[in-house]
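In what follows, a structure is listed as structure tokens, so that the remarks can point back to it.
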Amino acid sequence: MCSKTTVAPLDRIKILLQAHSKHYKHLGVFAGLNEIVQRETFFALWKGNGAQMVRIFPYAATQFTTFEIYRKYLGTLLGNRTQIDKFLAGSGAGVTAVMLTYPLDTIRARLAFQVRGEHVYTGIFHTGASIFKEEGGLRALYRGFIPTICGMIPYAGLSFYSFAKLKFLCMTYAPNYLCNKCNRNTGGLVLTLPAKLLCGGFAGAVAQSISYPLDVTRRRMQLAMMNTDTHKFGSGMVATMKLIYLENGIVKGLYRGMSINYLRAIPMVAVSFSTYELMKQMFDLDTGMKL
């Protein structure tokens, strides 16, 4: 919740750029943020964040909890000689969390895509009910689910794996600079706050670089029914990716908004992992080296 609220303005302009909003598609990141404030209000930068908070609490709770469960089970199954268990546990945790909360992500995207004066939806419940009634029931709320799952496997897997690996390297090779002593932890060390943020930010950058085209595909499918001109993007994952590529290419299509995504993802994942580690320390849970 802390990380998503921190980057909510960047999240909103990313959605508007990804889905080629007629009001913002010709603008860059900072010009787009300024246009939101000028066209709507300052607080419009956080439009859709209420739905995001409703979604992210169970999503993140499920993701972090199942990661610890999967990691423990896979560690026992695969042994300590391999690091693949961190990737598999992260991927499994991400997929589990998405399956439980995906309709709320669709609702949040619809709310964030709306521009002042052109509102179709009035709130979370109205959005969900409208999509369900007018676009095909539960299936409509899960539109874009397949590319989300395909993207979540490398994204969540690499996020957790990269953070765990960087944490291990910091504790092994630079404990005097990047760690504080903590006797209750495995290894007797805990990362400093700057080190947590650094490891989390790098993990987010790596994961987003790999999975971003699938994120663009997901957004185009989620928002396809909001405009008659974009209905063509609701036909399926492969067809949507192909259409994005044919119309806009790779850089301006499948990787559209990537620069803003780095500005968004790096602090988001950094704050997310750092807050998680700090909360574990507050509750006297082990955050030490377990690689």
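Residues are referred to by chain and number: the chain letter is A, B, ... according to the order shown in the structure tokens, the number counts from 1 in that chain, and ligands are numbered separately from 1 in the order shown.
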Review point. Thr106 in chain A: which residues within 12 Å, counting only C-alpha atoms, same-chain residues fewer than 6 positions away excluded, as a PyMOL selection string?
Key: chain A and resi 15+48+51-52+55+98+112-113+124+127-128+131-132+138-145+148+218-226
Save the residues we just selected, N, CA, C and O atoms, as a CSV table (one decimal), in the first residue's frame?
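File written: out_9.csv
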```
chain,number,residue,atom,x,y,z
A,15,ILE,N,-0.8,4.2,-17.5
A,15,ILE,CA,-2.0,3.6,-18.1
A,15,ILE,C,-2.5,4.5,-19.2
A,15,ILE,O,-2.9,3.9,-20.3
A,48,GLY,N,-8.2,6.4,-9.1
A,48,GLY,CA,-8.2,5.0,-9.2
A,48,GLY,C,-7.4,4.4,-8.1
A,48,GLY,O,-7.3,3.1,-7.9
A,51,ALA,N,-9.4,2.1,-5.5
A,51,ALA,CA,-9.5,0.7,-5.9
A,51,ALA,C,-8.2,0.0,-5.9
A,51,ALA,O,-8.2,-1.2,-5.6
A,52,GLN,N,-7.1,0.7,-6.1
A,52,GLN,CA,-5.8,0.1,-6.0
A,52,GLN,C,-5.5,-0.4,-4.6
A,52,GLN,O,-5.0,-1.5,-4.3
A,55,ARG,N,-7.4,-3.5,-3.7
A,55,ARG,CA,-6.8,-4.6,-4.4
A,55,ARG,C,-5.5,-5.0,-3.8
A,55,ARG,O,-5.2,-6.2,-3.6
A,98,VAL,N,-2.4,-12.8,-8.1
A,98,VAL,CA,-3.2,-12.3,-9.3
A,98,VAL,C,-4.5,-13.0,-9.4
A,98,VAL,O,-5.5,-12.4,-9.7
A,112,ALA,N,-8.8,4.7,-13.5
A,112,ALA,CA,-7.7,5.5,-13.8
A,112,ALA,C,-7.6,6.1,-15.2
A,112,ALA,O,-7.1,7.1,-15.5
A,113,PHE,N,-8.3,5.4,-16.1
A,113,PHE,CA,-8.3,5.8,-17.6
A,113,PHE,C,-9.3,6.9,-17.8
A,113,PHE,O,-9.2,7.6,-18.8
A,124,ILE,N,-16.0,2.0,-7.5
A,124,ILE,CA,-15.5,0.7,-7.6
A,124,ILE,C,-16.7,-0.3,-7.9
A,124,ILE,O,-16.6,-1.1,-8.8
A,127,THR,N,-18.4,0.3,-11.3
A,127,THR,CA,-17.5,-0.2,-12.4
A,127,THR,C,-17.6,-1.7,-12.5
A,127,THR,O,-17.8,-2.2,-13.6
A,128,GLY,N,-17.4,-2.4,-11.4
A,128,GLY,CA,-17.5,-3.8,-11.4
A,128,GLY,C,-18.8,-4.3,-11.9
A,128,GLY,O,-18.9,-5.3,-12.8
A,131,ILE,N,-19.2,-3.6,-15.8
A,131,ILE,CA,-18.5,-4.6,-16.6
A,131,ILE,C,-19.1,-5.9,-16.6
A,131,ILE,O,-19.3,-6.6,-17.7
A,132,PHE,N,-19.6,-6.4,-15.5
A,132,PHE,CA,-20.2,-7.7,-15.3
A,132,PHE,C,-21.5,-7.8,-16.2
A,132,PHE,O,-21.7,-8.8,-16.9
A,138,LEU,N,-18.3,-12.6,-15.5
A,138,LEU,CA,-17.0,-12.7,-14.9
A,138,LEU,C,-15.9,-12.8,-15.9
A,138,LEU,O,-14.8,-12.3,-15.6
A,139,ARG,N,-16.1,-13.3,-17.0
A,139,ARG,CA,-15.1,-13.4,-18.1
A,139,ARG,C,-14.6,-12.0,-18.4
A,139,ARG,O,-13.4,-11.8,-18.7
A,140,ALA,N,-15.5,-11.0,-18.4
A,140,ALA,CA,-15.1,-9.6,-18.8
A,140,ALA,C,-14.2,-9.0,-17.7
A,140,ALA,O,-13.3,-8.3,-18.0
A,141,LEU,N,-14.4,-9.4,-16.4
A,141,LEU,CA,-13.6,-8.9,-15.3
A,141,LEU,C,-12.2,-9.5,-15.4
A,141,LEU,O,-11.3,-8.9,-14.8
A,142,TYR,N,-12.1,-10.6,-16.0
A,142,TYR,CA,-10.8,-11.3,-16.2
A,142,TYR,C,-10.2,-11.1,-17.5
A,142,TYR,O,-9.2,-11.8,-17.9
A,143,ARG,N,-10.7,-10.1,-18.3
A,143,ARG,CA,-10.1,-9.9,-19.6
A,143,ARG,C,-8.6,-9.4,-19.4
A,143,ARG,O,-8.3,-8.5,-18.7
A,144,GLY,N,-7.7,-10.0,-20.2
A,144,GLY,CA,-6.3,-9.7,-20.0
A,144,GLY,C,-5.6,-10.6,-19.0
A,144,GLY,O,-4.4,-10.4,-18.7
A,145,PHE,N,-6.3,-11.6,-18.5
A,145,PHE,CA,-5.8,-12.4,-17.4
A,145,PHE,C,-4.6,-13.3,-17.9
A,145,PHE,O,-3.6,-13.4,-17.2
A,148,THR,N,-1.4,-11.4,-18.2
A,148,THR,CA,-1.0,-11.0,-16.9
A,148,THR,C,-0.2,-12.2,-16.2
A,148,THR,O,0.8,-12.0,-15.6
A,218,ARG,N,-1.8,-6.5,-21.5
A,218,ARG,CA,-2.9,-6.6,-20.5
A,218,ARG,C,-3.7,-5.3,-20.4
A,218,ARG,O,-4.9,-5.4,-20.4
A,219,ARG,N,-3.0,-4.2,-20.4
A,219,ARG,CA,-3.8,-2.9,-20.3
A,219,ARG,C,-4.7,-2.7,-21.5
A,219,ARG,O,-5.8,-2.2,-21.4
A,220,ARG,N,-4.1,-3.0,-22.7
A,220,ARG,CA,-4.9,-2.7,-23.9
A,220,ARG,C,-6.2,-3.6,-23.9
A,220,ARG,O,-7.3,-3.2,-24.3
A,221,MET,N,-6.0,-4.9,-23.4
A,221,MET,CA,-7.2,-5.8,-23.3
A,221,MET,C,-8.2,-5.3,-22.2
A,221,MET,O,-9.4,-5.4,-22.4
A,222,GLN,N,-7.7,-4.9,-21.1
A,222,GLN,CA,-8.6,-4.4,-20.0
A,222,GLN,C,-9.4,-3.2,-20.4
A,222,GLN,O,-10.6,-3.1,-20.0
A,223,LEU,N,-8.8,-2.3,-21.2
A,223,LEU,CA,-9.5,-1.1,-21.5
A,223,LEU,C,-10.1,-1.1,-22.9
A,223,LEU,O,-10.6,-0.1,-23.4
A,224,ALA,N,-10.1,-2.2,-23.6
A,224,ALA,CA,-10.6,-2.3,-25.0
A,224,ALA,C,-12.0,-1.9,-25.1
A,224,ALA,O,-12.4,-1.3,-26.2
A,225,MET,N,-12.9,-2.2,-24.2
A,225,MET,CA,-14.3,-1.9,-24.3
A,225,MET,C,-14.7,-0.5,-23.9
A,225,MET,O,-15.9,-0.2,-23.9
A,226,MET,N,-13.8,0.3,-23.6
A,226,MET,CA,-14.2,1.7,-23.2
A,226,MET,C,-14.4,2.6,-24.4
A,226,MET,O,-14.9,3.7,-24.2
```
What's around Gly92 in chain A at 9 Å? Count only C-alpha atoms, leave out sequence neighbours fewer than 3 positions away in its own chain, and write the answer as a PDB file with N, CA, C and O atoms, in the first residue's frame.
```
ATOM      1  N   GLN A  63       0.749 -12.485  -1.759  1.00  0.00           N
ATOM      2  CA  GLN A  63       2.017 -12.693  -2.459  1.00  0.00           C
ATOM      3  C   GLN A  63       3.170 -12.953  -1.493  1.00  0.00           C
ATOM      4  O   GLN A  63       3.919 -13.925  -1.654  1.00  0.00           O
ATOM      5  N   THR A  66       2.508 -16.352   0.595  1.00  0.00           N
ATOM      6  CA  THR A  66       2.694 -17.578  -0.183  1.00  0.00           C
ATOM      7  C   THR A  66       4.142 -17.733  -0.647  1.00  0.00           C
ATOM      8  O   THR A  66       4.623 -18.854  -0.792  1.00  0.00           O
ATOM      9  N   PHE A  67       4.852 -16.612  -0.856  1.00  0.00           N
ATOM     10  CA  PHE A  67       6.274 -16.713  -1.197  1.00  0.00           C
ATOM     11  C   PHE A  67       7.042 -17.420  -0.095  1.00  0.00           C
ATOM     12  O   PHE A  67       7.854 -18.314  -0.360  1.00  0.00           O
ATOM     13  N   TYR A  70       5.946 -21.159  -0.163  1.00  0.00           N
ATOM     14  CA  TYR A  70       6.499 -21.872  -1.317  1.00  0.00           C
ATOM     15  C   TYR A  70       8.015 -22.018  -1.199  1.00  0.00           C
ATOM     16  O   TYR A  70       8.576 -23.054  -1.547  1.00  0.00           O
ATOM     17  N   PHE A  87      13.155 -18.217  -7.445  1.00  0.00           N
ATOM     18  CA  PHE A  87      12.432 -17.808  -8.653  1.00  0.00           C
ATOM     19  C   PHE A  87      11.075 -18.491  -8.727  1.00  0.00           C
ATOM     20  O   PHE A  87      10.055 -17.850  -8.988  1.00  0.00           O
ATOM     21  N   LEU A  88      11.043 -19.804  -8.493  1.00  0.00           N
ATOM     22  CA  LEU A  88       9.788 -20.559  -8.561  1.00  0.00           C
ATOM     23  C   LEU A  88       8.808 -20.115  -7.484  1.00  0.00           C
ATOM     24  O   LEU A  88       7.604 -19.987  -7.733  1.00  0.00           O
ATOM     25  N   ALA A  89       9.330 -19.863  -6.272  1.00  0.00           N
ATOM     26  CA  ALA A  89       8.460 -19.409  -5.184  1.00  0.00           C
ATOM     27  C   ALA A  89       7.881 -18.028  -5.488  1.00  0.00           C
ATOM     28  O   ALA A  89       6.694 -17.771  -5.257  1.00  0.00           O
ATOM     29  N   VAL A  95       1.481 -15.463  -9.163  1.00  0.00           N
ATOM     30  CA  VAL A  95       0.331 -16.054  -9.857  1.00  0.00           C
ATOM     31  C   VAL A  95      -0.833 -16.262  -8.889  1.00  0.00           C
ATOM     32  O   VAL A  95      -1.997 -15.964  -9.211  1.00  0.00           O
ATOM     33  N   THR A  96      -0.541 -16.747  -7.691  1.00  0.00           N
ATOM     34  CA  THR A  96      -1.583 -16.970  -6.679  1.00  0.00           C
ATOM     35  C   THR A  96      -2.291 -15.662  -6.342  1.00  0.00           C
ATOM     36  O   THR A  96      -3.532 -15.601  -6.276  1.00  0.00           O
ATOM     37  N   ALA A  97      -1.512 -14.604  -6.116  1.00  0.00           N
ATOM     38  CA  ALA A  97      -2.080 -13.305  -5.750  1.00  0.00           C
ATOM     39  C   ALA A  97      -2.918 -12.717  -6.884  1.00  0.00           C
ATOM     40  O   ALA A  97      -3.997 -12.154  -6.646  1.00  0.00           O
ATOM     41  N   MET A 152       3.501 -12.271 -15.172  1.00  0.00           N
ATOM     42  CA  MET A 152       3.750 -12.368 -13.739  1.00  0.00           C
ATOM     43  C   MET A 152       4.794 -13.418 -13.403  1.00  0.00           C
ATOM     44  O   MET A 152       5.565 -13.257 -12.447  1.00  0.00           O
ATOM     45  N   ILE A 153       4.844 -14.494 -14.179  1.00  0.00           N
ATOM     46  CA  ILE A 153       5.814 -15.562 -13.892  1.00  0.00           C
ATOM     47  C   ILE A 153       7.252 -15.024 -13.922  1.00  0.00           C
ATOM     48  O   ILE A 153       7.987 -15.180 -12.942  1.00  0.00           O
ATOM     49  N   ALA A 156       7.393 -11.568 -11.131  1.00  0.00           N
ATOM     50  CA  ALA A 156       7.447 -11.873  -9.699  1.00  0.00           C
ATOM     51  C   ALA A 156       8.638 -12.770  -9.381  1.00  0.00           C
ATOM     52  O   ALA A 156       9.322 -12.585  -8.367  1.00  0.00           O
ATOM     53  N   GLY A 157       8.900 -13.749 -10.257  1.00  0.00           N
ATOM     54  CA  GLY A 157      10.028 -14.644 -10.040  1.00  0.00           C
ATOM     55  C   GLY A 157      11.346 -13.897  -9.984  1.00  0.00           C
ATOM     56  O   GLY A 157      12.153 -14.079  -9.060  1.00  0.00           O
TER      57      GLY A 157
END
```
Check your understanding: So, counting only C-alpha atoms, which residue among A:Leu104, A:Lys25, A:Phe43, A:Thr76 is closest to Tyr59 in chain A?
Key -> A:Leu104
Exercise for review: List every residue of range 28-172 of chain A that DSSP, applied to the backbone of this structure, assigns to helix (DSSP H, G or I), and report them as a PyMOL selection string.
Suggested key: chain A and resi 29-39+42-46+49-78+84-113+124-135+138-141+145-172
Writing out the chosen residues with C-alpha atoms as a short mmCIF file (atom, residue, chain, number, x, y, z; two decimals), in the first residue's frame:
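out25.cif, freshly written:
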```
data_model
loop_
_atom_site.label_atom_id
_atom_site.label_comp_id
_atom_site.auth_asym_id
_atom_site.auth_seq_id
_atom_site.Cartn_x
_atom_site.Cartn_y
_atom_site.Cartn_z
CA VAL A 29 5.82 11.75 -18.85
CA PHE A 30 6.17 15.12 -17.15
CA ALA A 31 4.05 16.99 -19.69
CA GLY A 32 1.37 14.33 -19.17
CA LEU A 33 1.46 14.72 -15.38
CA ASN A 34 1.16 18.49 -15.77
CA GLU A 35 -1.74 18.05 -18.20
CA ILE A 36 -3.62 15.88 -15.69
CA VAL A 37 -3.32 18.65 -13.09
CA GLN A 38 -4.35 21.35 -15.58
CA ARG A 39 -7.20 19.40 -17.20
CA PHE A 42 -3.97 17.85 -8.52
CA PHE A 43 -5.70 14.98 -6.74
CA ALA A 44 -6.66 13.46 -10.11
CA LEU A 45 -3.08 12.17 -10.16
CA TRP A 46 -4.31 9.60 -7.63
CA ASN A 49 -5.89 4.68 -6.15
CA GLY A 50 -8.83 3.83 -3.87
CA ALA A 51 -9.55 0.72 -5.95
CA GLN A 52 -5.82 0.06 -5.99
CA MET A 53 -5.70 0.05 -2.17
CA VAL A 54 -8.67 -2.34 -1.99
CA ARG A 55 -6.79 -4.62 -4.41
CA ILE A 56 -3.24 -4.31 -3.15
CA PHE A 57 -3.84 -5.21 0.49
CA PRO A 58 -5.02 -8.79 -0.19
CA TYR A 59 -2.74 -9.02 -3.25
CA ALA A 60 0.49 -8.16 -1.42
CA ALA A 61 -0.53 -10.06 1.71
CA THR A 62 -1.15 -13.16 -0.40
CA GLN A 63 2.02 -12.69 -2.46
CA PHE A 64 4.46 -12.26 0.42
CA THR A 65 2.82 -14.96 2.57
CA THR A 66 2.69 -17.58 -0.18
CA PHE A 67 6.27 -16.71 -1.20
CA GLU A 68 7.49 -17.67 2.27
CA ILE A 69 5.41 -20.87 2.21
CA TYR A 70 6.50 -21.87 -1.32
CA ARG A 71 10.14 -21.02 -0.59
CA LYS A 72 10.18 -23.17 2.52
CA TYR A 73 8.57 -26.11 0.70
CA LEU A 74 10.75 -25.81 -2.43
CA GLY A 75 13.89 -25.35 -0.33
CA THR A 76 13.17 -28.67 1.35
CA LEU A 77 12.31 -30.31 -1.97
CA LEU A 78 15.22 -28.98 -4.05
CA ILE A 84 15.85 -21.79 -8.54
CA ASP A 85 13.53 -22.17 -5.56
CA LYS A 86 13.52 -18.37 -5.05
CA PHE A 87 12.43 -17.81 -8.65
CA LEU A 88 9.79 -20.56 -8.56
CA ALA A 89 8.46 -19.41 -5.18
CA GLY A 90 8.24 -15.80 -6.40
CA SER A 91 6.48 -16.81 -9.62
CA GLY A 92 4.03 -19.05 -7.76
CA ALA A 93 3.31 -16.32 -5.22
CA GLY A 94 2.67 -13.75 -7.95
CA VAL A 95 0.33 -16.05 -9.86
CA THR A 96 -1.58 -16.97 -6.68
CA ALA A 97 -2.08 -13.30 -5.75
CA VAL A 98 -3.18 -12.32 -9.28
CA MET A 99 -5.75 -15.11 -9.46
CA LEU A 100 -7.42 -13.88 -6.27
CA THR A 101 -7.46 -10.15 -7.01
CA TYR A 102 -7.46 -9.68 -10.80
CA PRO A 103 -11.01 -8.22 -11.19
CA LEU A 104 -10.01 -5.36 -8.88
CA ASP A 105 -7.05 -4.59 -11.15
CA THR A 106 -9.40 -4.33 -14.14
CA ILE A 107 -11.69 -2.01 -12.17
CA ARG A 108 -8.78 0.15 -11.06
CA ALA A 109 -7.50 0.47 -14.65
CA ARG A 110 -10.94 1.56 -15.89
CA LEU A 111 -11.20 4.23 -13.17
CA ALA A 112 -7.67 5.52 -13.78
CA PHE A 113 -8.27 5.76 -17.55
CA ILE A 124 -15.55 0.66 -7.55
CA PHE A 125 -18.90 -1.14 -7.22
CA HIS A 126 -20.48 0.66 -10.16
CA THR A 127 -17.49 -0.16 -12.37
CA GLY A 128 -17.50 -3.84 -11.42
CA ALA A 129 -21.27 -4.17 -11.84
CA SER A 130 -21.23 -2.37 -15.21
CA ILE A 131 -18.46 -4.56 -16.62
CA PHE A 132 -20.19 -7.69 -15.35
CA LYS A 133 -23.61 -6.77 -16.77
CA GLU A 134 -22.61 -5.16 -20.07
CA GLU A 135 -19.49 -6.98 -21.21
CA LEU A 138 -17.05 -12.74 -14.87
CA ARG A 139 -15.10 -13.37 -18.06
CA ALA A 140 -15.10 -9.62 -18.77
CA LEU A 141 -13.62 -8.86 -15.35
CA PHE A 145 -5.75 -12.41 -17.41
CA ILE A 146 -3.64 -14.69 -19.62
CA PRO A 147 -0.99 -12.07 -20.54
CA THR A 148 -0.96 -11.01 -16.89
CA ILE A 149 -0.14 -14.55 -15.77
CA CYS A 150 2.46 -14.94 -18.54
CA GLY A 151 4.05 -11.66 -17.45
CA MET A 152 3.75 -12.37 -13.74
CA ILE A 153 5.81 -15.56 -13.89
CA PRO A 154 9.05 -13.78 -14.96
CA TYR A 155 8.19 -10.51 -13.18
CA ALA A 156 7.45 -11.87 -9.70
CA GLY A 157 10.03 -14.64 -10.04
CA LEU A 158 12.82 -12.25 -11.01
CA SER A 159 11.75 -9.65 -8.43
CA PHE A 160 12.00 -12.06 -5.50
CA TYR A 161 15.03 -13.88 -6.86
CA SER A 162 16.95 -10.68 -7.65
CA PHE A 163 16.17 -9.13 -4.26
CA ALA A 164 17.21 -12.30 -2.41
CA LYS A 165 20.40 -12.63 -4.48
CA LEU A 166 21.39 -8.99 -4.02
CA LYS A 167 20.65 -9.25 -0.31
CA PHE A 168 22.95 -12.28 -0.12
CA LEU A 169 25.73 -10.44 -2.00
CA CYS A 170 25.45 -7.40 0.26
CA MET A 171 25.67 -9.53 3.41
CA THR A 172 28.53 -11.60 2.03
#
```
Review point. Mind pulling up the distance from CA of Met241 in chain A to CA of Gly200 in chain A?
Key: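 Going from CA of Gly200 in chain A over to CA of Met241 in chain A covers 29.2 Å.
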**Study point:** Gap from CA of Glu40 in chain A to CA of Leu16 in chain A - Å, one decimal
**Key:** 13.9 Å
